[in-house]
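What follows is data_28.cif (mmCIF, N, CA and C atoms).
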```cif
data_final
loop_
_atom_site.group_PDB
_atom_site.id
_atom_site.type_symbol
_atom_site.label_atom_id
_atom_site.label_comp_id
_atom_site.auth_asym_id
_atom_site.auth_seq_id
_atom_site.Cartn_x
_atom_site.Cartn_y
_atom_site.Cartn_z
ATOM 1 N N MET A 27 0.818 -1.196 0.000
ATOM 2 C CA MET A 27 0.000 0.000 0.000
ATOM 3 C C MET A 27 0.856 1.250 0.000
ATOM 4 N N ALA A 28 1.948 1.230 0.735
ATOM 5 C CA ALA A 28 2.812 2.401 0.796
ATOM 6 C C ALA A 28 3.382 2.711 -0.579
ATOM 7 N N ILE A 29 3.743 1.677 -1.321
ATOM 8 C CA ILE A 29 4.281 1.879 -2.670
ATOM 9 C C ILE A 29 3.207 2.468 -3.574
ATOM 10 N N SER A 30 1.982 1.982 -3.453
ATOM 11 C CA SER A 30 0.878 2.521 -4.252
ATOM 12 C C SER A 30 0.649 3.997 -3.949
ATOM 13 N N ALA A 31 0.722 4.343 -2.677
ATOM 14 C CA ALA A 31 0.531 5.743 -2.284
ATOM 15 C C ALA A 31 1.637 6.616 -2.857
ATOM 16 N N LEU A 32 2.875 6.141 -2.805
ATOM 17 C CA LEU A 32 3.994 6.907 -3.357
ATOM 18 C C LEU A 32 3.851 7.071 -4.868
ATOM 19 N N LEU A 33 3.440 6.006 -5.552
ATOM 20 C CA LEU A 33 3.244 6.097 -7.001
ATOM 21 C C LEU A 33 2.127 7.072 -7.340
ATOM 22 N N ALA A 34 1.060 7.058 -6.570
ATOM 23 C CA ALA A 34 -0.054 7.976 -6.808
ATOM 24 C C ALA A 34 0.390 9.414 -6.599
ATOM 25 N N LEU A 35 1.157 9.662 -5.532
ATOM 26 C CA LEU A 35 1.652 11.013 -5.280
ATOM 27 C C LEU A 35 2.595 11.458 -6.380
ATOM 28 N N GLY A 36 3.430 10.563 -6.840
ATOM 29 C CA GLY A 36 4.343 10.881 -7.934
ATOM 30 C C GLY A 36 3.589 11.198 -9.205
ATOM 31 N N GLY A 37 2.532 10.447 -9.460
ATOM 32 C CA GLY A 37 1.696 10.704 -10.630
ATOM 33 C C GLY A 37 1.013 12.052 -10.545
ATOM 34 N N CYS A 38 0.534 12.415 -9.365
ATOM 35 C CA CYS A 38 -0.108 13.721 -9.173
ATOM 36 C C CYS A 38 0.891 14.848 -9.414
ATOM 37 N N ALA A 39 2.107 14.678 -8.911
ATOM 38 C CA ALA A 39 3.129 15.705 -9.103
ATOM 39 C C ALA A 39 3.460 15.867 -10.580
ATOM 40 N N ALA A 40 3.526 14.749 -11.299
ATOM 41 C CA ALA A 40 3.823 14.809 -12.732
ATOM 42 C C ALA A 40 2.705 15.507 -13.485
ATOM 43 N N ILE A 41 1.460 15.250 -13.109
ATOM 44 C CA ILE A 41 0.317 15.910 -13.751
ATOM 45 C C ILE A 41 0.343 17.406 -13.456
ATOM 46 N N GLN A 42 0.625 17.773 -12.211
ATOM 47 C CA GLN A 42 0.681 19.187 -11.846
ATOM 48 C C GLN A 42 1.783 19.899 -12.616
ATOM 49 N N GLN A 43 2.939 19.239 -12.765
ATOM 50 C CA GLN A 43 4.052 19.842 -13.507
ATOM 51 C C GLN A 43 3.662 20.006 -14.973
ATOM 52 N N SER A 44 3.018 19.000 -15.542
ATOM 53 C CA SER A 44 2.584 19.074 -16.939
ATOM 54 C C SER A 44 1.564 20.192 -17.127
ATOM 55 N N ASP A 45 0.620 20.320 -16.198
ATOM 56 C CA ASP A 45 -0.374 21.391 -16.262
ATOM 57 C C ASP A 45 0.300 22.759 -16.182
ATOM 58 N N ALA A 46 1.286 22.881 -15.292
ATOM 59 C CA ALA A 46 1.997 24.156 -15.147
ATOM 60 C C ALA A 46 2.743 24.499 -16.431
ATOM 61 N N GLN A 47 3.387 23.516 -17.043
ATOM 62 C CA GLN A 47 4.120 23.769 -18.281
ATOM 63 C C GLN A 47 3.171 24.174 -19.397
ATOM 64 N N SER A 48 2.020 23.552 -19.455
ATOM 65 C CA SER A 48 1.019 23.909 -20.459
ATOM 66 C C SER A 48 0.539 25.345 -20.244
ATOM 67 N N THR A 49 0.271 25.698 -19.006
ATOM 68 C CA THR A 49 -0.163 27.058 -18.681
ATOM 69 C C THR A 49 0.926 28.056 -19.047
ATOM 70 N N GLU A 50 2.173 27.727 -18.745
ATOM 71 C CA GLU A 50 3.276 28.636 -19.039
ATOM 72 C C GLU A 50 3.444 28.838 -20.544
ATOM 73 N N ARG A 51 3.249 27.791 -21.325
ATOM 74 C CA ARG A 51 3.305 27.932 -22.790
ATOM 75 C C ARG A 51 2.186 28.850 -23.277
ATOM 76 N N THR A 52 1.000 28.693 -22.711
ATOM 77 C CA THR A 52 -0.128 29.528 -23.103
ATOM 78 C C THR A 52 0.099 30.975 -22.691
ATOM 79 N N LEU A 53 0.638 31.187 -21.501
ATOM 80 C CA LEU A 53 0.958 32.549 -21.064
ATOM 81 C C LEU A 53 1.942 33.209 -22.024
ATOM 82 N N ALA A 54 2.981 32.481 -22.396
ATOM 83 C CA ALA A 54 3.979 33.025 -23.329
ATOM 84 C C ALA A 54 3.339 33.340 -24.682
ATOM 85 N N ALA A 55 2.491 32.441 -25.169
ATOM 86 C CA ALA A 55 1.826 32.658 -26.450
ATOM 87 C C ALA A 55 0.906 33.884 -26.389
ATOM 88 N N ALA A 56 0.364 34.183 -25.223
ATOM 89 C CA ALA A 56 -0.540 35.312 -25.060
ATOM 90 C C ALA A 56 0.205 36.640 -24.904
ATOM 91 N N GLY A 57 1.508 36.582 -24.744
ATOM 92 C CA GLY A 57 2.286 37.810 -24.631
ATOM 93 C C GLY A 57 2.824 38.115 -23.248
ATOM 94 N N PHE A 58 2.671 37.185 -22.304
ATOM 95 C CA PHE A 58 3.273 37.382 -20.986
ATOM 96 C C PHE A 58 4.794 37.277 -21.121
ATOM 97 N N GLN A 59 5.503 38.060 -20.330
ATOM 98 C CA GLN A 59 6.963 38.062 -20.363
ATOM 99 C C GLN A 59 7.498 37.226 -19.199
ATOM 100 N N MET A 60 8.393 36.269 -19.518
ATOM 101 C CA MET A 60 8.997 35.436 -18.482
ATOM 102 C C MET A 60 10.200 36.168 -17.893
ATOM 103 N N GLN A 61 10.297 36.143 -16.572
ATOM 104 C CA GLN A 61 11.433 36.730 -15.877
ATOM 105 C C GLN A 61 11.968 35.702 -14.891
ATOM 106 N N PHE A 62 13.213 35.270 -15.115
ATOM 107 C CA PHE A 62 13.834 34.288 -14.227
ATOM 108 C C PHE A 62 14.278 34.937 -12.932
ATOM 109 N N ALA A 63 14.204 34.189 -11.850
ATOM 110 C CA ALA A 63 14.751 34.623 -10.566
ATOM 111 C C ALA A 63 16.240 34.266 -10.580
ATOM 112 N N LYS A 64 17.085 35.277 -10.717
ATOM 113 C CA LYS A 64 18.524 35.041 -10.883
ATOM 114 C C LYS A 64 19.317 35.180 -9.591
ATOM 115 N N THR A 65 18.733 35.811 -8.600
ATOM 116 C CA THR A 65 19.436 36.010 -7.328
ATOM 117 C C THR A 65 18.589 35.418 -6.196
ATOM 118 N N PRO A 66 19.207 35.170 -5.053
ATOM 119 C CA PRO A 66 18.431 34.669 -3.910
ATOM 120 C C PRO A 66 17.295 35.624 -3.509
ATOM 121 N N ASP A 67 17.528 36.932 -3.614
ATOM 122 C CA ASP A 67 16.483 37.904 -3.277
ATOM 123 C C ASP A 67 15.311 37.802 -4.251
ATOM 124 N N GLN A 68 15.601 37.677 -5.542
ATOM 125 C CA GLN A 68 14.540 37.518 -6.537
ATOM 126 C C GLN A 68 13.789 36.210 -6.307
ATOM 127 N N MET A 69 14.508 35.147 -5.976
ATOM 128 C CA MET A 69 13.868 33.858 -5.728
ATOM 129 C C MET A 69 12.945 33.941 -4.508
ATOM 130 N N ALA A 70 13.369 34.672 -3.493
ATOM 131 C CA ALA A 70 12.521 34.853 -2.308
ATOM 132 C C ALA A 70 11.232 35.577 -2.681
ATOM 133 N N LYS A 71 11.313 36.551 -3.587
ATOM 134 C CA LYS A 71 10.114 37.271 -4.032
ATOM 135 C C LYS A 71 9.200 36.360 -4.840
ATOM 136 N N VAL A 72 9.784 35.522 -5.695
ATOM 137 C CA VAL A 72 8.971 34.573 -6.474
ATOM 138 C C VAL A 72 8.279 33.592 -5.542
ATOM 139 N N THR A 73 8.995 33.096 -4.558
ATOM 140 C CA THR A 73 8.453 32.130 -3.602
ATOM 141 C C THR A 73 7.329 32.741 -2.763
ATOM 142 N N ALA A 74 7.416 34.039 -2.494
ATOM 143 C CA ALA A 74 6.415 34.707 -1.658
ATOM 144 C C ALA A 74 5.085 34.915 -2.389
ATOM 145 N N LEU A 75 5.101 34.837 -3.715
ATOM 146 C CA LEU A 75 3.872 35.024 -4.492
ATOM 147 C C LEU A 75 3.022 33.756 -4.474
ATOM 148 N N PRO A 76 1.716 33.900 -4.698
ATOM 149 C CA PRO A 76 0.881 32.696 -4.850
ATOM 150 C C PRO A 76 1.419 31.864 -6.013
ATOM 151 N N GLN A 77 1.584 30.577 -5.799
ATOM 152 C CA GLN A 77 2.210 29.716 -6.797
ATOM 153 C C GLN A 77 1.216 29.172 -7.798
ATOM 154 N N ARG A 78 1.628 29.250 -9.083
ATOM 155 C CA ARG A 78 0.857 28.695 -10.199
ATOM 156 C C ARG A 78 -0.595 29.171 -10.191
ATOM 157 N N LYS A 79 -0.733 30.461 -9.954
ATOM 158 C CA LYS A 79 -2.055 31.081 -9.938
ATOM 159 C C LYS A 79 -1.896 32.502 -10.469
ATOM 160 N N LEU A 80 -2.741 32.880 -11.417
ATOM 161 C CA LEU A 80 -2.698 34.246 -11.929
ATOM 162 C C LEU A 80 -3.244 35.188 -10.872
ATOM 163 N N THR A 81 -2.462 36.200 -10.551
ATOM 164 C CA THR A 81 -2.895 37.198 -9.582
ATOM 165 C C THR A 81 -2.778 38.584 -10.207
ATOM 166 N N ARG A 82 -3.638 39.463 -9.770
ATOM 167 C CA ARG A 82 -3.610 40.857 -10.232
ATOM 168 C C ARG A 82 -2.722 41.660 -9.303
ATOM 169 N N THR A 83 -1.989 42.584 -9.898
ATOM 170 C CA THR A 83 -1.155 43.473 -9.115
ATOM 171 C C THR A 83 -1.039 44.795 -9.862
ATOM 172 N N THR A 84 -0.441 45.756 -9.239
ATOM 173 C CA THR A 84 -0.207 47.049 -9.880
ATOM 174 C C THR A 84 1.287 47.188 -10.121
ATOM 175 N N GLY A 85 1.647 47.533 -11.351
ATOM 176 C CA GLY A 85 3.054 47.723 -11.699
ATOM 177 C C GLY A 85 3.579 49.035 -11.153
ATOM 178 N N PRO A 86 4.894 49.261 -11.302
ATOM 179 C CA PRO A 86 5.498 50.500 -10.802
ATOM 180 C C PRO A 86 4.909 51.754 -11.455
ATOM 181 N N ASP A 87 4.348 51.580 -12.654
ATOM 182 C CA ASP A 87 3.738 52.715 -13.365
ATOM 183 C C ASP A 87 2.263 52.897 -12.995
ATOM 184 N N GLY A 88 1.762 52.063 -12.090
ATOM 185 C CA GLY A 88 0.377 52.153 -11.663
ATOM 186 C C GLY A 88 -0.591 51.358 -12.525
ATOM 187 N N ALA A 89 -0.079 50.738 -13.582
ATOM 188 C CA ALA A 89 -0.934 49.967 -14.490
ATOM 189 C C ALA A 89 -1.217 48.579 -13.921
ATOM 190 N N LEU A 90 -2.357 48.049 -14.294
ATOM 191 C CA LEU A 90 -2.740 46.707 -13.876
ATOM 192 C C LEU A 90 -1.832 45.681 -14.536
ATOM 193 N N ARG A 91 -1.352 44.724 -13.763
ATOM 194 C CA ARG A 91 -0.515 43.640 -14.271
ATOM 195 C C ARG A 91 -1.056 42.324 -13.728
ATOM 196 N N PHE A 92 -0.777 41.262 -14.468
ATOM 197 C CA PHE A 92 -1.133 39.910 -14.050
ATOM 198 C C PHE A 92 0.170 39.129 -13.906
ATOM 199 N N VAL A 93 0.291 38.379 -12.807
ATOM 200 C CA VAL A 93 1.537 37.673 -12.500
ATOM 201 C C VAL A 93 1.239 36.205 -12.225
ATOM 202 N N TRP A 94 2.072 35.323 -12.788
ATOM 203 C CA TRP A 94 2.028 33.879 -12.559
ATOM 204 C C TRP A 94 3.410 33.510 -12.038
ATOM 205 N N ALA A 95 3.504 32.931 -10.859
ATOM 206 C CA ALA A 95 4.786 32.562 -10.261
ATOM 207 C C ALA A 95 4.942 31.049 -10.227
ATOM 208 N N ASP A 96 6.161 30.593 -10.510
ATOM 209 C CA ASP A 96 6.471 29.164 -10.436
ATOM 210 C C ASP A 96 7.868 29.006 -9.847
ATOM 211 N N ALA A 97 7.914 28.895 -8.532
ATOM 212 C CA ALA A 97 9.190 28.772 -7.840
ATOM 213 C C ALA A 97 9.760 27.362 -7.927
ATOM 214 N N THR A 98 8.930 26.384 -8.273
ATOM 215 C CA THR A 98 9.355 24.996 -8.279
ATOM 216 C C THR A 98 10.061 24.593 -9.562
ATOM 217 N N ASP A 99 9.408 24.794 -10.700
ATOM 218 C CA ASP A 99 9.955 24.296 -11.955
ATOM 219 C C ASP A 99 10.852 25.314 -12.659
ATOM 220 N N CYS A 100 10.282 26.381 -13.157
ATOM 221 C CA CYS A 100 11.089 27.324 -13.942
ATOM 222 C C CYS A 100 11.799 28.351 -13.069
ATOM 223 N N GLN A 101 11.412 28.470 -11.817
ATOM 224 C CA GLN A 101 11.960 29.476 -10.914
ATOM 225 C C GLN A 101 11.873 30.849 -11.576
ATOM 226 N N CYS A 102 10.624 31.176 -11.957
ATOM 227 C CA CYS A 102 10.402 32.398 -12.717
ATOM 228 C C CYS A 102 9.015 32.943 -12.436
ATOM 229 N N ILE A 103 8.760 34.119 -13.003
ATOM 230 C CA ILE A 103 7.420 34.673 -13.023
ATOM 231 C C ILE A 103 7.091 35.047 -14.465
ATOM 232 N N TYR A 104 5.806 35.049 -14.770
ATOM 233 C CA TYR A 104 5.302 35.558 -16.032
ATOM 234 C C TYR A 104 4.499 36.802 -15.696
ATOM 235 N N VAL A 105 4.777 37.901 -16.392
ATOM 236 C CA VAL A 105 4.096 39.160 -16.141
ATOM 237 C C VAL A 105 3.411 39.600 -17.425
ATOM 238 N N GLY A 106 2.128 39.951 -17.313
ATOM 239 C CA GLY A 106 1.386 40.383 -18.484
ATOM 240 C C GLY A 106 0.484 41.562 -18.211
ATOM 241 N N THR A 107 0.120 42.246 -19.273
ATOM 242 C CA THR A 107 -0.799 43.376 -19.223
ATOM 243 C C THR A 107 -2.240 42.873 -19.324
ATOM 244 N N GLN A 108 -3.177 43.797 -19.277
ATOM 245 C CA GLN A 108 -4.576 43.435 -19.461
ATOM 246 C C GLN A 108 -4.784 42.811 -20.844
ATOM 247 N N ALA A 109 -4.121 43.348 -21.859
ATOM 248 C CA ALA A 109 -4.257 42.807 -23.218
ATOM 249 C C ALA A 109 -3.727 41.374 -23.284
ATOM 250 N N ALA A 110 -2.603 41.105 -22.622
ATOM 251 C CA ALA A 110 -2.050 39.747 -22.607
ATOM 252 C C ALA A 110 -2.990 38.806 -21.859
ATOM 253 N N TYR A 111 -3.575 39.292 -20.767
ATOM 254 C CA TYR A 111 -4.525 38.475 -20.012
ATOM 255 C C TYR A 111 -5.747 38.139 -20.866
ATOM 256 N N ASP A 112 -6.245 39.128 -21.605
ATOM 257 C CA ASP A 112 -7.390 38.888 -22.481
ATOM 258 C C ASP A 112 -7.056 37.838 -23.542
ATOM 259 N N ARG A 113 -5.846 37.908 -24.127
ATOM 260 C CA ARG A 113 -5.422 36.905 -25.112
ATOM 261 C C ARG A 113 -5.291 35.527 -24.454
ATOM 262 N N TYR A 114 -4.785 35.499 -23.226
ATOM 263 C CA TYR A 114 -4.655 34.241 -22.483
ATOM 264 C C TYR A 114 -6.027 33.600 -22.290
ATOM 265 N N GLN A 115 -7.018 34.399 -21.905
ATOM 266 C CA GLN A 115 -8.372 33.882 -21.716
ATOM 267 C C GLN A 115 -8.923 33.334 -23.032
ATOM 268 N N LYS A 116 -8.702 34.052 -24.123
ATOM 269 C CA LYS A 116 -9.192 33.622 -25.426
ATOM 270 C C LYS A 116 -8.531 32.310 -25.846
ATOM 271 N N LEU A 117 -7.224 32.208 -25.619
ATOM 272 C CA LEU A 117 -6.519 30.952 -25.955
ATOM 273 C C LEU A 117 -7.055 29.792 -25.133
ATOM 274 N N GLY A 118 -7.385 30.047 -23.868
ATOM 275 C CA GLY A 118 -7.944 28.992 -23.020
ATOM 276 C C GLY A 118 -9.272 28.487 -23.544
ATOM 277 N N VAL A 119 -10.104 29.393 -23.988
ATOM 278 C CA VAL A 119 -11.403 29.005 -24.554
ATOM 279 C C VAL A 119 -11.178 28.200 -25.836
ATOM 280 N N GLU A 120 -10.262 28.656 -26.678
ATOM 281 C CA GLU A 120 -9.975 27.935 -27.921
ATOM 282 C C GLU A 120 -9.452 26.529 -27.640
ATOM 283 N N GLN A 121 -8.604 26.378 -26.617
ATOM 284 C CA GLN A 121 -8.092 25.050 -26.251
ATOM 285 C C GLN A 121 -9.214 24.154 -25.746
ATOM 286 N N ASP A 122 -10.118 24.727 -24.949
ATOM 287 C CA ASP A 122 -11.251 23.947 -24.448
ATOM 288 C C ASP A 122 -12.116 23.444 -25.583
ATOM 289 N N ILE A 123 -12.356 24.316 -26.557
ATOM 290 C CA ILE A 123 -13.170 23.917 -27.717
ATOM 291 C C ILE A 123 -12.469 22.824 -28.503
ATOM 292 N N ALA A 124 -11.159 22.965 -28.681
ATOM 293 C CA ALA A 124 -10.393 21.983 -29.450
ATOM 294 C C ALA A 124 -10.402 20.604 -28.767
ATOM 295 N N GLU A 125 -10.416 20.601 -27.455
ATOM 296 C CA GLU A 125 -10.418 19.331 -26.724
ATOM 297 C C GLU A 125 -11.788 18.709 -26.780
#
```
Spit out the file's structure as structure tokens when you get a sec.
Amino acid sequence: MAISALLALGGCAAIQQSDAQSTERTLAAAGFQMQFAKTPDQMAKVTALPQRKLTRTTGPDGALRFVWADATDCQCIYVGTQAAYDRYQKLGVEQDIAE
């Protein structure tokens, strides 16, 4: 039973990683910009964000931004504008229809 539980957990982790990679490809296609965490301070900021979830924030210029953080796999964030978010939503609908 313990082996079955470990295999199930491993399978869940693989599915989550695959889902995250798919989301990251869609974000990039929609115009989100990937920014790697290159220093320990940047990595701490990426880790502090909600993981693998699009969140709204305000950029330094006061404009609305959308951020997706992934401290586990790519150790990066994706940052997009309202226009990129709108394209991301449209791509998601198109993928759902295609499936």
inquiry  = Measuring between all atoms listed in the file, which one of A:Ala89, A:Ala95, A:Ala54, A:Gln115 shows the shortest distance to Lys71 in chain A?
reply    = A:Ala95
ask   = Please, which residues are within 12 Å of (2.6, 29.1, -3.6) by the file's coordinates, counting only C-alpha atoms, and could they come as a PyMOL selection string?
value = chain A and resi 70-81+94-98+101+103
ask   = Per DSSP on the backbone, what are the helix (DSSP H, G or I) residues of chain A, as a PyMOL selection string?
value = chain A and resi 28-56+66-74+108-124
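Using all atoms listed in the file, the nearest neighbour of Arg113 in chain A within the list A:Leu53, A:Ala46, A:Cys100, A:Ala63 is A:Leu53.
Across the structure, CA of Asp67 in chain A and CA of Tyr104 in chain A are spaced 17.1 Å apart.
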request  = Could you jot down the CA of Cys102 in chain A to atom C of Met60 in chain A separation for me, Å, one decimal place?
outcome  = 6.4 Å
query = Could you write out, as a PyMOL selection string, all the residues of chain A that DSSP marks as strand (DSSP E)?
reply = chain A and resi 59-62+81-84+90-96+102-106
Only N, CA, C and O atoms needed: put range 109-124 of chain A from the block into a file as an mmCIF file, in the first residue's frame.
```cif
data_model
loop_
_atom_site.group_PDB
_atom_site.id
_atom_site.type_symbol
_atom_site.label_atom_id
_atom_site.label_comp_id
_atom_site.auth_asym_id
_atom_site.auth_seq_id
_atom_site.Cartn_x
_atom_site.Cartn_y
_atom_site.Cartn_z
ATOM 1 N N ALA A 109 -4.121 43.348 -21.859
ATOM 2 C CA ALA A 109 -4.257 42.807 -23.218
ATOM 3 C C ALA A 109 -3.727 41.374 -23.284
ATOM 4 O O ALA A 109 -4.341 40.507 -23.917
ATOM 5 N N ALA A 110 -2.603 41.105 -22.622
ATOM 6 C CA ALA A 110 -2.050 39.747 -22.607
ATOM 7 C C ALA A 110 -2.990 38.806 -21.859
ATOM 8 O O ALA A 110 -3.197 37.660 -22.276
ATOM 9 N N TYR A 111 -3.575 39.292 -20.767
ATOM 10 C CA TYR A 111 -4.525 38.475 -20.012
ATOM 11 C C TYR A 111 -5.747 38.139 -20.866
ATOM 12 O O TYR A 111 -6.217 37.001 -20.869
ATOM 13 N N ASP A 112 -6.245 39.128 -21.605
ATOM 14 C CA ASP A 112 -7.390 38.888 -22.481
ATOM 15 C C ASP A 112 -7.056 37.838 -23.542
ATOM 16 O O ASP A 112 -7.873 36.953 -23.823
ATOM 17 N N ARG A 113 -5.846 37.908 -24.127
ATOM 18 C CA ARG A 113 -5.422 36.905 -25.112
ATOM 19 C C ARG A 113 -5.291 35.527 -24.454
ATOM 20 O O ARG A 113 -5.665 34.511 -25.040
ATOM 21 N N TYR A 114 -4.785 35.499 -23.226
ATOM 22 C CA TYR A 114 -4.655 34.241 -22.483
ATOM 23 C C TYR A 114 -6.027 33.600 -22.290
ATOM 24 O O TYR A 114 -6.189 32.394 -22.505
ATOM 25 N N GLN A 115 -7.018 34.399 -21.905
ATOM 26 C CA GLN A 115 -8.372 33.882 -21.716
ATOM 27 C C GLN A 115 -8.923 33.334 -23.032
ATOM 28 O O GLN A 115 -9.544 32.270 -23.056
ATOM 29 N N LYS A 116 -8.702 34.052 -24.123
ATOM 30 C CA LYS A 116 -9.192 33.622 -25.426
ATOM 31 C C LYS A 116 -8.531 32.310 -25.846
ATOM 32 O O LYS A 116 -9.197 31.398 -26.340
ATOM 33 N N LEU A 117 -7.224 32.208 -25.619
ATOM 34 C CA LEU A 117 -6.519 30.952 -25.955
ATOM 35 C C LEU A 117 -7.055 29.792 -25.133
ATOM 36 O O LEU A 117 -7.176 28.665 -25.631
ATOM 37 N N GLY A 118 -7.385 30.047 -23.868
ATOM 38 C CA GLY A 118 -7.944 28.992 -23.020
ATOM 39 C C GLY A 118 -9.272 28.487 -23.544
ATOM 40 O O GLY A 118 -9.524 27.277 -23.563
ATOM 41 N N VAL A 119 -10.104 29.393 -23.988
ATOM 42 C CA VAL A 119 -11.403 29.005 -24.554
ATOM 43 C C VAL A 119 -11.178 28.200 -25.836
ATOM 44 O O VAL A 119 -11.820 27.166 -26.051
ATOM 45 N N GLU A 120 -10.262 28.656 -26.678
ATOM 46 C CA GLU A 120 -9.975 27.935 -27.921
ATOM 47 C C GLU A 120 -9.452 26.529 -27.640
ATOM 48 O O GLU A 120 -9.808 25.572 -28.330
ATOM 49 N N GLN A 121 -8.604 26.378 -26.617
ATOM 50 C CA GLN A 121 -8.092 25.050 -26.251
ATOM 51 C C GLN A 121 -9.214 24.154 -25.746
ATOM 52 O O GLN A 121 -9.255 22.973 -26.067
ATOM 53 N N ASP A 122 -10.118 24.727 -24.949
ATOM 54 C CA ASP A 122 -11.251 23.947 -24.448
ATOM 55 C C ASP A 122 -12.116 23.444 -25.583
ATOM 56 O O ASP A 122 -12.557 22.302 -25.588
ATOM 57 N N ILE A 123 -12.356 24.316 -26.557
ATOM 58 C CA ILE A 123 -13.170 23.917 -27.717
ATOM 59 C C ILE A 123 -12.469 22.824 -28.503
ATOM 60 O O ILE A 123 -13.093 21.847 -28.923
ATOM 61 N N ALA A 124 -11.159 22.965 -28.681
ATOM 62 C CA ALA A 124 -10.393 21.983 -29.450
ATOM 63 C C ALA A 124 -10.402 20.604 -28.767
ATOM 64 O O ALA A 124 -10.408 19.576 -29.440
#
```
